[in-house]
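Note: the block below is target-v1.cif and it holds mmCIF, C-alpha atoms.
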data_target
#
loop_
_atom_site.label_atom_id
_atom_site.label_comp_id
_atom_site.auth_asym_id
_atom_site.auth_seq_id
_atom_site.Cartn_x
_atom_site.Cartn_y
_atom_site.Cartn_z
CA MET A 1 -130.95 39.34 -13.62
CA GLN A 2 -128.61 40.52 -10.98
CA THR A 3 -126.85 37.80 -9.03
CA GLY A 4 -127.77 39.69 -5.85
CA GLU A 5 -131.47 39.05 -6.47
CA ILE A 6 -130.77 35.35 -6.95
CA GLN A 7 -128.76 35.28 -3.73
CA TYR A 8 -131.63 37.00 -1.87
CA ALA A 9 -134.06 34.39 -3.20
CA GLN A 10 -131.74 31.60 -2.07
CA ALA A 11 -131.41 33.19 1.38
CA ILE A 12 -135.19 33.55 1.73
CA SER A 13 -135.64 29.93 0.65
CA ARG A 14 -133.51 28.85 3.61
CA ILE A 15 -135.74 30.60 6.17
CA VAL A 16 -139.18 29.77 4.73
CA ALA A 17 -139.70 26.84 7.10
CA ASN A 18 -138.67 28.91 10.12
CA PRO A 19 -141.58 29.07 12.60
CA THR A 20 -141.09 32.85 12.93
CA VAL A 21 -141.56 33.30 9.19
CA LEU A 22 -144.57 30.98 9.09
CA ALA A 23 -146.05 32.84 12.08
CA ALA A 24 -146.28 35.92 9.87
CA GLY A 25 -149.24 34.16 8.27
CA GLY A 26 -151.22 34.71 11.47
CA ASN A 27 -153.63 32.09 12.69
CA ASP A 28 -154.18 30.62 9.26
CA ALA A 29 -155.40 27.06 9.83
CA ASP A 30 -153.87 25.97 6.52
CA LEU A 31 -150.30 26.73 7.63
CA PRO A 32 -148.25 23.56 8.10
CA ALA A 33 -148.07 22.67 11.80
CA ASP A 34 -144.71 20.98 11.32
CA PRO A 35 -142.12 23.18 9.54
CA ARG A 36 -140.30 20.00 8.43
CA ARG A 37 -143.17 19.41 5.99
CA VAL A 38 -142.14 22.56 4.08
CA ARG A 39 -139.50 22.19 1.39
CA THR A 40 -138.11 24.92 -0.82
CA ASP A 41 -136.18 24.75 -4.05
CA PRO A 42 -134.64 28.03 -5.18
CA SER A 43 -133.91 28.47 -8.85
CA PRO A 44 -130.17 28.71 -9.60
CA ASN A 45 -130.80 31.08 -12.54
CA ALA A 46 -133.63 33.33 -11.41
CA PRO A 47 -134.89 34.88 -8.19
CA LEU A 48 -137.67 32.30 -7.85
CA ILE A 49 -138.46 29.89 -5.03
CA GLU A 50 -140.53 26.74 -5.44
CA LEU A 51 -142.32 25.88 -2.23
CA VAL A 52 -143.64 22.36 -1.57
CA VAL A 53 -145.66 21.21 1.43
CA ASN A 54 -146.22 17.55 2.29
CA ALA A 55 -149.63 16.83 3.76
CA ALA A 56 -152.15 14.02 4.20
CA ASN A 57 -153.87 14.81 0.90
CA ALA A 58 -153.34 16.96 -2.17
CA ASP A 59 -155.85 19.64 -1.19
CA SER A 60 -154.27 20.11 2.25
CA ALA A 61 -150.83 20.33 0.66
CA ARG A 62 -152.04 22.94 -1.82
CA ARG A 63 -153.68 25.05 0.87
CA GLY A 64 -150.61 24.69 3.11
CA ALA A 65 -148.25 25.76 0.32
CA GLN A 66 -150.42 28.77 -0.51
CA ALA A 67 -150.60 29.81 3.16
CA ALA A 68 -146.82 29.37 3.61
CA ALA A 69 -146.10 31.41 0.45
CA GLU A 70 -148.37 34.19 1.65
CA ALA A 71 -146.73 34.07 5.11
CA VAL A 72 -143.30 34.57 3.50
CA ALA A 73 -144.65 37.46 1.43
CA THR A 74 -146.13 39.05 4.58
CA TYR A 75 -142.89 38.50 6.50
CA THR A 76 -140.79 40.28 3.87
CA GLN A 77 -143.41 43.02 3.36
CA ASP A 78 -143.22 43.84 7.07
CA ARG A 79 -139.42 44.13 6.76
CA VAL A 80 -139.07 45.75 3.33
CA ASP A 81 -137.16 48.75 4.78
CA LEU A 82 -134.68 46.44 6.49
CA LEU A 83 -134.31 43.94 3.65
CA GLY A 84 -134.49 46.29 0.69
CA PHE A 85 -136.75 43.91 -1.24
CA ARG A 86 -140.02 42.09 -0.89
CA VAL A 87 -141.30 38.69 -1.90
CA VAL A 88 -144.42 38.32 -3.99
CA VAL A 89 -146.41 35.19 -4.78
CA LEU A 90 -146.25 34.81 -8.56
CA ALA A 91 -148.61 31.89 -8.99
CA PRO A 92 -151.18 30.19 -6.80
CA ALA A 93 -150.32 26.81 -5.35
CA THR A 94 -151.40 23.77 -7.32
CA ASP A 95 -152.40 20.39 -6.00
CA GLY A 96 -149.30 18.69 -7.35
CA LYS A 97 -151.03 16.34 -9.74
CA PRO A 98 -148.38 14.75 -11.90
CA ALA A 99 -148.16 16.18 -15.38
CA GLY A 100 -148.55 13.61 -18.07
CA LEU A 101 -150.90 11.85 -20.39
CA PRO A 102 -154.30 10.55 -19.31
CA LEU A 103 -154.56 6.88 -18.32
CA PRO A 104 -156.16 5.72 -21.63
CA ALA A 105 -153.12 7.01 -23.52
CA TYR A 106 -150.80 4.91 -21.34
CA VAL A 107 -153.05 1.85 -21.82
CA ALA A 108 -153.03 2.36 -25.60
CA ALA A 109 -149.24 2.76 -25.61
CA GLY A 110 -148.88 -0.44 -23.56
CA ALA A 111 -151.16 -2.35 -25.91
CA ALA A 112 -149.22 -1.11 -28.93
CA MET A 113 -145.95 -2.19 -27.32
CA GLY A 114 -147.47 -5.62 -26.66
CA VAL A 115 -148.45 -6.00 -30.30
CA VAL A 116 -144.98 -4.92 -31.45
CA LEU A 117 -143.23 -7.31 -29.05
CA GLY A 118 -145.55 -10.16 -30.04
CA ALA A 119 -144.90 -9.57 -33.75
CA LEU A 120 -141.17 -9.34 -33.12
CA THR A 121 -141.25 -12.63 -31.22
CA VAL A 122 -143.06 -14.39 -34.07
CA VAL A 123 -140.61 -13.02 -36.63
CA LEU A 124 -137.52 -13.92 -34.61
CA ARG A 125 -138.68 -17.39 -33.58
CA GLY A 126 -140.08 -18.18 -36.97
CA ASP A 127 -143.06 -20.42 -37.63
CA ARG A 128 -142.00 -23.74 -36.08
CA ARG A 129 -144.78 -25.67 -37.79
CA ALA A 130 -143.74 -24.53 -41.24
CA PHE A 131 -140.11 -25.33 -40.43
CA ALA A 132 -141.06 -28.81 -39.21
CA GLU A 133 -143.08 -29.46 -42.40
CA LEU A 134 -140.11 -28.47 -44.56
CA ARG A 135 -137.81 -30.83 -42.66
CA ALA A 136 -140.34 -33.68 -43.00
CA ARG A 137 -140.69 -33.05 -46.75
CA ASP A 138 -136.90 -33.08 -47.16
CA ALA A 139 -136.66 -36.30 -45.17
CA ARG A 140 -139.34 -37.96 -47.36
CA ALA A 141 -137.57 -36.84 -50.52
CA GLU A 142 -134.30 -38.37 -49.38
CA ALA A 143 -135.78 -41.67 -48.12
CA PRO A 144 -136.07 -44.53 -50.60
CA GLU A 145 -139.53 -45.54 -51.70
CA PRO A 146 -140.89 -48.68 -50.05
CA GLY A 147 -140.18 -51.82 -52.08
CA ALA A 148 -137.41 -50.19 -54.08
CA THR A 149 -134.12 -52.00 -54.23
CA THR A 150 -130.81 -50.43 -54.18
CA ALA A 151 -128.00 -51.65 -56.28
CA ALA A 152 -124.71 -52.15 -54.67
CA ARG A 153 -121.47 -52.15 -56.49
CA SER A 154 -118.96 -54.72 -55.75
#

Encoding of this model in structure tokens:
Amino acid sequence: MQTGEIQYAQAISRIVANPTVLAAGGNDADLPADPRRVRTDPSPNAPLIELVVNAANADSARRGAQAAAEAVATYTQDRVDLLGFRVVVLAPATDGKPAGLPLPAYVAAGAAMGVVLGALTVVLRGDRRAFAELRARDARAEAPEPGATTAARS
């Protein structure tokens, strides 16, 4: 990739939230009303821009991000002769659900960790009852039997 393309992407990412750029989307009801809700993150290694919209719910944020991305594409398409490039939307907006394992997998992992920690605690603390029985047996072995006399040397 040419560094110029990356610099263009970084420059476009700075103006995405500009009301003039967002106005290129027309009267789209999904466009964010407050440009401060639009955040961009240009890639340092490729001419790509990640666009994030904060909204009341995930569906509104997804629709707002899609509308904002299309507004930027329209804005640059209308000025392709002036800019010398155009922006295209590479992927549709997603609802921003966190990537990860399903809840049952986390529950199973937590249960397994509990079993491991419990077993480790038993091993490290030892069986106190068995230890107490050994001490009592040793004490009985060392104690004289009742009625036994001890000889003393003089």

Contacts of Leu22 (chain A) at 7 Å or less, counting all atoms listed in the file, minus same-chain residues fewer than 2 places along, as a list in words?
Ala17, Asn18, Pro19, Thr20, Ala24, Gly25, Ala68, Ala71 and Val72 of chain A

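Closest approach to Pro47 (chain A) among A:Gln77, A:Ser13, A:Thr121, A:Thr94 is made by A:Ser13 (distances from only C-alpha atoms).
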
Kindly resolve the PyMOL selection byres ((chain A and resi 64) around 9) on the present coordinates and return the residues as a PyMOL selection string.
chain A and resi 29-32+38+52-55+59-63+65-69+93

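Atom pair CA of Pro92 (chain A) / CA of Leu51 (chain A) has a distance of 10.9 Å (rounded to one decimal).
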
Between CA of Leu90 (chain A) and CA of Ala11 (chain A), what is the spacing in Å?
17.9 Å

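Close contacts of Thr76 (chain A), defined as residues with an atom at most 8 Å away when counting all atoms listed in the file, with chain neighbours fewer than 5 positions off set aside, comprise A:Leu83, A:Phe85, A:Arg86, A:Val87.
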